[in-house]
>>> print(open('entry-v6.pdb').read())   # PDB, C-alpha atoms and all ligand atoms
MODEL        1
ATOM      1  CA  MET A 136     -12.292 -23.450   3.548  1.00  0.00           C
ATOM      2  CA  THR A 137      -8.700 -23.244   4.749  1.00  0.00           C
ATOM      3  CA  THR A 138      -6.629 -20.201   5.560  1.00  0.00           C
ATOM      4  CA  LEU A 139      -3.972 -19.308   3.045  1.00  0.00           C
ATOM      5  CA  ALA A 140      -1.313 -16.975   4.432  1.00  0.00           C
ATOM      6  CA  PHE A 141       1.403 -15.877   2.066  1.00  0.00           C
ATOM      7  CA  ASN A 142       3.378 -12.867   0.969  1.00  0.00           C
ATOM      8  CA  LEU A 143       1.912 -11.197  -2.097  1.00  0.00           C
ATOM      9  CA  ASN A 144       3.961  -8.532  -3.845  1.00  0.00           C
ATOM     10  CA  GLY A 145       5.746  -7.776  -0.579  1.00  0.00           C
ATOM     11  CA  LYS A 146       2.634  -7.667   1.630  1.00  0.00           C
ATOM     12  CA  ASP A 147       1.580 -10.352   4.062  1.00  0.00           C
ATOM     13  CA  THR A 148      -1.804 -11.570   2.876  1.00  0.00           C
ATOM     14  CA  SER A 149      -4.297 -13.982   4.367  1.00  0.00           C
ATOM     15  CA  LEU A 150      -7.648 -15.267   3.168  1.00  0.00           C
ATOM     16  CA  ASP A 151      -9.770 -18.399   3.249  1.00  0.00           C
ATOM     17  CA  VAL A 152      -9.681 -20.583   0.145  1.00  0.00           C
ATOM     18  CA  SER A 153     -11.057 -23.950  -0.885  1.00  0.00           C
ATOM     19  CA  PRO A 154      -8.618 -26.810  -1.459  1.00  0.00           C
ATOM     20  CA  GLY A 155      -9.531 -26.885  -5.160  1.00  0.00           C
ATOM     21  CA  ASP A 156      -8.936 -23.183  -5.767  1.00  0.00           C
ATOM     22  CA  MET A 157      -6.157 -22.383  -8.202  1.00  0.00           C
ATOM     23  CA  LEU A 158      -3.833 -19.467  -7.548  1.00  0.00           C
ATOM     24  CA  ALA A 159      -4.833 -17.536 -10.705  1.00  0.00           C
ATOM     25  CA  HIS A 160      -8.475 -17.487  -9.633  1.00  0.00           C
ATOM     26  CA  VAL A 161      -7.636 -16.446  -6.082  1.00  0.00           C
ATOM     27  CA  LEU A 162      -5.444 -13.620  -7.399  1.00  0.00           C
ATOM     28  CA  ARG A 163      -7.995 -12.381  -9.899  1.00  0.00           C
ATOM     29  CA  ASP A 164     -11.370 -13.107  -8.344  1.00  0.00           C
ATOM     30  CA  ARG A 165     -10.649 -12.794  -4.636  1.00  0.00           C
ATOM     31  CA  LEU A 166      -7.798 -10.285  -4.539  1.00  0.00           C
ATOM     32  CA  GLY A 167      -8.633  -8.188  -7.599  1.00  0.00           C
ATOM     33  CA  LEU A 168      -5.232  -8.628  -9.264  1.00  0.00           C
ATOM     34  CA  ILE A 169      -6.493  -9.010 -12.795  1.00  0.00           C
ATOM     35  CA  GLY A 170      -3.097  -8.359 -14.410  1.00  0.00           C
ATOM     36  CA  THR A 171      -2.571 -12.119 -14.286  1.00  0.00           C
ATOM     37  CA  LYS A 172      -4.448 -13.452 -17.305  1.00  0.00           C
ATOM     38  CA  ILE A 173      -6.081 -16.812 -17.835  1.00  0.00           C
ATOM     39  CA  GLY A 174      -5.696 -18.151 -21.372  1.00  0.00           C
ATOM     40  CA  CYS A 175      -5.977 -21.887 -21.871  1.00  0.00           C
ATOM     41  CA  GLY A 176      -6.695 -22.709 -18.229  1.00  0.00           C
ATOM     42  CA  GLU A 177      -4.547 -25.826 -18.619  1.00  0.00           C
ATOM     43  CA  GLY A 178      -1.060 -24.527 -17.923  1.00  0.00           C
ATOM     44  CA  GLU A 179      -0.073 -24.594 -21.592  1.00  0.00           C
ATOM     45  CA  CYS A 180      -0.082 -20.965 -22.794  1.00  0.00           C
ATOM     46  CA  GLY A 181       1.813 -19.043 -20.108  1.00  0.00           C
ATOM     47  CA  ALA A 182      -0.640 -16.126 -19.834  1.00  0.00           C
ATOM     48  CA  CYS A 183      -1.127 -16.868 -16.128  1.00  0.00           C
ATOM     49  CA  THR A 184       2.587 -16.969 -15.237  1.00  0.00           C
ATOM     50  CA  VAL A 185       3.462 -15.581 -11.794  1.00  0.00           C
ATOM     51  CA  LEU A 186       6.508 -16.079  -9.600  1.00  0.00           C
ATOM     52  CA  VAL A 187       6.403 -18.252  -6.498  1.00  0.00           C
ATOM     53  CA  ASP A 188       9.604 -17.887  -4.506  1.00  0.00           C
ATOM     54  CA  GLY A 189      11.122 -16.463  -7.686  1.00  0.00           C
ATOM     55  CA  LYS A 190      10.177 -19.440  -9.866  1.00  0.00           C
ATOM     56  CA  ALA A 191       7.781 -19.009 -12.786  1.00  0.00           C
ATOM     57  CA  VAL A 192       4.632 -21.114 -12.376  1.00  0.00           C
ATOM     58  CA  ALA A 193       1.422 -21.498 -14.343  1.00  0.00           C
ATOM     59  CA  SER A 194      -0.959 -20.104 -11.750  1.00  0.00           C
ATOM     60  CA  CYS A 195      -4.081 -21.493 -13.469  1.00  0.00           C
ATOM     61  CA  ILE A 196      -3.038 -25.016 -12.464  1.00  0.00           C
ATOM     62  CA  TYR A 197      -1.119 -24.122  -9.289  1.00  0.00           C
ATOM     63  CA  PRO A 198      -3.210 -24.944  -6.212  1.00  0.00           C
ATOM     64  CA  ALA A 199      -3.509 -21.755  -4.172  1.00  0.00           C
ATOM     65  CA  LEU A 200      -2.765 -23.608  -0.935  1.00  0.00           C
ATOM     66  CA  LYS A 201       0.660 -24.585  -2.298  1.00  0.00           C
ATOM     67  CA  ALA A 202       1.564 -20.899  -1.981  1.00  0.00           C
ATOM     68  CA  ARG A 203       1.152 -21.026   1.799  1.00  0.00           C
ATOM     69  CA  GLY A 204       4.145 -19.352   3.464  1.00  0.00           C
ATOM     70  CA  ARG A 205       5.693 -18.456   0.110  1.00  0.00           C
ATOM     71  CA  GLN A 206       6.468 -15.222  -1.740  1.00  0.00           C
ATOM     72  CA  VAL A 207       4.175 -14.660  -4.709  1.00  0.00           C
ATOM     73  CA  GLN A 208       4.918 -11.941  -7.217  1.00  0.00           C
ATOM     74  CA  THR A 209       2.521 -10.778  -9.911  1.00  0.00           C
ATOM     75  CA  ILE A 210       2.768  -8.126 -12.599  1.00  0.00           C
ATOM     76  CA  GLU A 211       1.151  -5.648 -10.179  1.00  0.00           C
ATOM     77  CA  GLY A 212       4.140  -5.947  -7.862  1.00  0.00           C
ATOM     78  CA  LEU A 213       6.772  -4.866 -10.374  1.00  0.00           C
ATOM     79  CA  SER A 214       6.542  -1.104 -10.580  1.00  0.00           C
ATOM     80  CA  HIS A 215       7.572   1.023  -7.642  1.00  0.00           C
ATOM     81  CA  ASP A 216       6.730   4.699  -7.066  1.00  0.00           C
ATOM     82  CA  ALA A 217       5.206   4.853 -10.558  1.00  0.00           C
ATOM     83  CA  GLN A 218       8.543   3.637 -11.971  1.00  0.00           C
ATOM     84  CA  LEU A 219       8.160   0.698 -14.345  1.00  0.00           C
ATOM     85  CA  HIS A 220      10.425  -2.326 -13.983  1.00  0.00           C
ATOM     86  CA  ALA A 221      13.174  -2.421 -16.632  1.00  0.00           C
ATOM     87  CA  ILE A 222      11.394  -5.252 -18.450  1.00  0.00           C
ATOM     88  CA  GLN A 223       8.093  -3.362 -18.528  1.00  0.00           C
ATOM     89  CA  GLU A 224       9.911  -0.279 -19.793  1.00  0.00           C
ATOM     90  CA  ALA A 225      11.635  -2.314 -22.506  1.00  0.00           C
ATOM     91  CA  PHE A 226       8.306  -3.818 -23.657  1.00  0.00           C
ATOM     92  CA  VAL A 227       6.981  -0.271 -24.080  1.00  0.00           C
ATOM     93  CA  GLN A 228      10.101   0.986 -25.876  1.00  0.00           C
ATOM     94  CA  LYS A 229      10.266  -1.959 -28.257  1.00  0.00           C
ATOM     95  CA  ALA A 230       6.490  -2.052 -28.860  1.00  0.00           C
ATOM     96  CA  ALA A 231       6.493  -5.675 -27.729  1.00  0.00           C
ATOM     97  CA  ALA A 232       2.804  -5.770 -26.803  1.00  0.00           C
ATOM     98  CA  GLN A 233      -0.037  -5.736 -29.282  1.00  0.00           C
ATOM     99  CA  CYS A 234      -3.267  -6.980 -27.706  1.00  0.00           C
ATOM    100  CA  GLY A 235      -1.266  -7.349 -24.493  1.00  0.00           C
ATOM    101  CA  TYR A 236      -2.978 -10.505 -23.276  1.00  0.00           C
ATOM    102  CA  CYS A 237       0.242 -12.510 -23.106  1.00  0.00           C
ATOM    103  CA  THR A 238       2.338  -9.610 -21.818  1.00  0.00           C
ATOM    104  CA  PRO A 239       2.090 -10.034 -18.019  1.00  0.00           C
ATOM    105  CA  GLY A 240       2.990 -13.708 -18.343  1.00  0.00           C
ATOM    106  CA  MET A 241       5.846 -12.938 -20.750  1.00  0.00           C
ATOM    107  CA  ILE A 242       7.243 -10.337 -18.376  1.00  0.00           C
ATOM    108  CA  MET A 243       7.024 -12.567 -15.305  1.00  0.00           C
ATOM    109  CA  LYS A 244       8.672 -15.425 -17.209  1.00  0.00           C
ATOM    110  CA  SER A 245      11.423 -13.030 -18.376  1.00  0.00           C
ATOM    111  CA  ILE A 246      12.120 -11.973 -14.812  1.00  0.00           C
ATOM    112  CA  SER A 247      12.731 -15.559 -13.726  1.00  0.00           C
ATOM    113  CA  LEU A 248      14.804 -16.174 -16.853  1.00  0.00           C
ATOM    114  CA  LEU A 249      17.065 -13.143 -16.370  1.00  0.00           C
ATOM    115  CA  ALA A 250      17.405 -13.812 -12.642  1.00  0.00           C
ATOM    116  CA  LYS A 251      18.889 -17.217 -13.534  1.00  0.00           C
ATOM    117  CA  ASN A 252      20.833 -16.002 -16.541  1.00  0.00           C
ATOM    118  CA  PRO A 253      21.360 -12.205 -16.663  1.00  0.00           C
ATOM    119  CA  ALA A 254      23.468 -12.561 -19.808  1.00  0.00           C
ATOM    120  CA  ALA A 255      20.920 -14.662 -21.722  1.00  0.00           C
ATOM    121  CA  ASP A 256      21.449 -14.410 -25.477  1.00  0.00           C
ATOM    122  CA  GLU A 257      18.759 -14.476 -28.149  1.00  0.00           C
ATOM    123  CA  THR A 258      18.671 -18.278 -28.337  1.00  0.00           C
ATOM    124  CA  GLU A 259      18.513 -18.649 -24.573  1.00  0.00           C
ATOM    125  CA  ILE A 260      15.719 -16.083 -24.371  1.00  0.00           C
ATOM    126  CA  LYS A 261      13.720 -17.894 -27.070  1.00  0.00           C
ATOM    127  CA  HIS A 262      14.276 -21.180 -25.269  1.00  0.00           C
ATOM    128  CA  GLY A 263      13.308 -19.580 -21.939  1.00  0.00           C
ATOM    129  CA  LEU A 264      10.031 -18.327 -23.386  1.00  0.00           C
ATOM    130  CA  GLU A 265       8.940 -21.754 -24.585  1.00  0.00           C
ATOM    131  CA  GLY A 266       5.515 -22.328 -23.098  1.00  0.00           C
ATOM    132  CA  ASN A 267       4.533 -18.645 -23.261  1.00  0.00           C
ATOM    133  CA  LEU A 268       2.444 -18.134 -26.367  1.00  0.00           C
ATOM    134  CA  CYS A 269       1.732 -14.901 -28.220  1.00  0.00           C
ATOM    135  CA  ARG A 270      -0.879 -14.761 -30.955  1.00  0.00           C
ATOM    136  CA  CYS A 271       0.046 -11.295 -32.167  1.00  0.00           C
ATOM    137  CA  THR A 272       3.694 -10.291 -32.315  1.00  0.00           C
ATOM    138  CA  GLY A 273       5.616 -13.106 -33.926  1.00  0.00           C
ATOM    139  CA  TYR A 274       7.910 -12.891 -30.867  1.00  0.00           C
ATOM    140  CA  VAL A 275      10.611 -10.756 -32.540  1.00  0.00           C
ATOM    141  CA  LYS A 276       9.798  -7.591 -30.588  1.00  0.00           C
ATOM    142  CA  ILE A 277       9.298  -9.554 -27.381  1.00  0.00           C
ATOM    143  CA  VAL A 278      12.776 -11.092 -27.669  1.00  0.00           C
ATOM    144  CA  LYS A 279      14.282  -7.677 -28.522  1.00  0.00           C
ATOM    145  CA  ALA A 280      12.578  -6.141 -25.482  1.00  0.00           C
ATOM    146  CA  ILE A 281      13.996  -8.813 -23.195  1.00  0.00           C
ATOM    147  CA  GLN A 282      17.479  -8.366 -24.692  1.00  0.00           C
ATOM    148  CA  ARG A 283      17.169  -4.618 -24.082  1.00  0.00           C
ATOM    149  CA  ALA A 284      15.955  -5.177 -20.503  1.00  0.00           C
ATOM    150  CA  ALA A 285      18.821  -7.592 -19.851  1.00  0.00           C
ATOM    151  CA  GLU A 286      21.318  -4.899 -20.915  1.00  0.00           C
ATOM    152  CA  VAL A 287      19.682  -2.291 -18.679  1.00  0.00           C
ATOM    153  CA  MET A 288      19.484  -4.660 -15.719  1.00  0.00           C
ATOM    154  CA  ARG A 289      23.135  -5.690 -16.096  1.00  0.00           C
ATOM    155  CA  ARG A 290      24.087  -2.007 -16.147  1.00  0.00           C
ATOM    156  CA  GLN A 291      21.984  -1.363 -13.036  1.00  0.00           C
ATOM    157  CA  LEU A 292      23.806  -4.209 -11.308  1.00  0.00           C
ATOM    158  CA  GLY A 293      27.170  -2.912 -12.549  1.00  0.00           C
ATOM    159  CA  ARG A 294      27.901  -6.083 -14.560  1.00  0.00           C
TER     160      ARG A 294
HETATM  161 FE1  LIG A 301      -1.472 -10.347 -28.171  1.00  0.00          FE
HETATM  162 FE2  LIG A 301       0.809 -11.474 -27.279  1.00  0.00          FE
HETATM  163  S1  LIG A 301       0.429  -9.357 -27.722  1.00  0.00           S
HETATM  164  S2  LIG A 301      -1.146 -12.416 -27.496  1.00  0.00           S
ENDMDL
END
>>> encode(input="entry-v6.pdb", output="structure tokens")
Amino acid sequence: MTTLAFNLNGKDTSLDVSPGDMLAHVLRDRLGLIGTKIGCGEGECGACTVLVDGKAVASCIYPALKARGRQVQTIEGLSHDAQLHAIQEAFVQKAAAQCGYCTPGMIMKSISLLAKNPAADETEIKHGLEGNLCRCTGYVKIVKAIQRAAEVMRRQLGR
């Protein structure tokens, strides 16, 4: 076991992990953050997407010890004072979740996408979501929700 110290959703966090432990399992099984889903377990479906230093990673294949000293953000870290993040709000408004299994990963991927490109258009959003699979929605409502969130976030930033 080795100590992993990192910042998780704004809180300094420390626990002992094994070198083979993947971040998704540490988050879910050791820290109780089950919002991060595990789909394929091979880094191909995007359900396990979290942000590490603002970059979207597939946490099911991301060694937990690689997060040492870094900022990790999961879906649980998005809402503040019971206020949903603009992307979460937009997913609700546009009915972009059906079973919801892909939703946390879609939202975390969208955050990294809009941080890089706040004015992303439909094509850029679709391209940005490559690697995040949804079995239910056909993606139309997901893309509309992200477009809506992008508008709201640009307004919040005064752009
Ligand atoms: Fe069911 Fe996307 S809403 S997999």
>>> resolve_selection(input="entry-v6.pdb", expression="the PyMOL selection byres (((chain A and resi 261-269) around 9) and not hetatm)", output="JSON list (two decimals) with C-alpha atoms, keeping the file's coordinate frame")
[["chain", "number", "residue", "atom", "x", "y", "z"],
["A", 178, "GLY", "CA", -1.06, -24.53, -17.92],
["A", 179, "GLU", "CA", -0.07, -24.59, -21.59],
["A", 180, "CYS", "CA", -0.08, -20.96, -22.79],
["A", 181, "GLY", "CA", 1.81, -19.04, -20.11],
["A", 182, "ALA", "CA", -0.64, -16.13, -19.83],
["A", 184, "THR", "CA", 2.59, -16.97, -15.24],
["A", 235, "GLY", "CA", -1.27, -7.35, -24.49],
["A", 236, "TYR", "CA", -2.98, -10.50, -23.28],
["A", 237, "CYS", "CA", 0.24, -12.51, -23.11],
["A", 238, "THR", "CA", 2.34, -9.61, -21.82],
["A", 240, "GLY", "CA", 2.99, -13.71, -18.34],
["A", 241, "MET", "CA", 5.85, -12.94, -20.75],
["A", 244, "LYS", "CA", 8.67, -15.42, -17.21],
["A", 245, "SER", "CA", 11.42, -13.03, -18.38],
["A", 248, "LEU", "CA", 14.80, -16.17, -16.85],
["A", 256, "ASP", "CA", 21.45, -14.41, -25.48],
["A", 257, "GLU", "CA", 18.76, -14.48, -28.15],
["A", 258, "THR", "CA", 18.67, -18.28, -28.34],
["A", 259, "GLU", "CA", 18.51, -18.65, -24.57],
["A", 260, "ILE", "CA", 15.72, -16.08, -24.37],
["A", 270, "ARG", "CA", -0.88, -14.76, -30.96],
["A", 271, "CYS", "CA", 0.05, -11.30, -32.17],
["A", 272, "THR", "CA", 3.69, -10.29, -32.32],
["A", 273, "GLY", "CA", 5.62, -13.11, -33.93],
["A", 274, "TYR", "CA", 7.91, -12.89, -30.87],
["A", 278, "VAL", "CA", 12.78, -11.09, -27.67]]
>>> resolve_selection(input="entry-v6.pdb", expression="the PyMOL selection byres (((chain A and resi 207) around 9) and not hetatm)", output="list in words")
Phe141, Asn142, Leu143, Asn144, Gly145, Val185, Leu186, Val187, Asp188, Gly189, Ala202, Arg205, Gln206, Gln208 and Thr209 of chain A
>>> atom_distance(input="entry-v6.pdb", atom1="CA of Ala230 in chain A", atom2="CA of Gly212 in chain A")
21.5 Å
>>> atom_distance(input="entry-v6.pdb", atom1="CA of Arg289 in chain A", atom2="CA of Ile222 in chain A")
12.0 Å
>>> atom_distance(input="entry-v6.pdb", atom1="CA of Arg163 in chain A", atom2="atom S1 of ligand LIG 301 (chain A)")
19.9 Å
>>> residues_around(input="entry-v6.pdb", residues="Ser194 in chain A", least_positions_apart="2", cutoff="8 Å", atoms="only C-alpha atoms", output="JSON list (two decimals) with C-alpha atoms, in the frame of the given file")
[["chain", "number", "residue", "atom", "x", "y", "z"],
["A", 157, "MET", "CA", -6.16, -22.38, -8.20],
["A", 158, "LEU", "CA", -3.83, -19.47, -7.55],
["A", 159, "ALA", "CA", -4.83, -17.54, -10.70],
["A", 178, "GLY", "CA", -1.06, -24.53, -17.92],
["A", 183, "CYS", "CA", -1.13, -16.87, -16.13],
["A", 184, "THR", "CA", 2.59, -16.97, -15.24],
["A", 185, "VAL", "CA", 3.46, -15.58, -11.79],
["A", 192, "VAL", "CA", 4.63, -21.11, -12.38],
["A", 196, "ILE", "CA", -3.04, -25.02, -12.46],
["A", 197, "TYR", "CA", -1.12, -24.12, -9.29],
["A", 198, "PRO", "CA", -3.21, -24.94, -6.21]]
>>> residues_around(input="entry-v6.pdb", residues="Ala231 in chain A", least_positions_apart="4", cutoff="7 Å", atoms="only C-alpha atoms", output="VMD selection string")
chain A and resid 226 to 227 276 to 277 280
>>> residues_near_point(input="entry-v6.pdb", point="(-1.0, -9.0, -12.5)", cutoff="6 Å", atoms="only C-alpha atoms", output="VMD selection string")
chain A and resid 168 to 171 209 to 211
>>> closest_residue(input="entry-v6.pdb", among="A:Ala232, A:Ala191, A:Ala250, A:Val287", to="ligand LIG 301 (chain A)", atoms="all atoms listed in the file")
A:Ala232
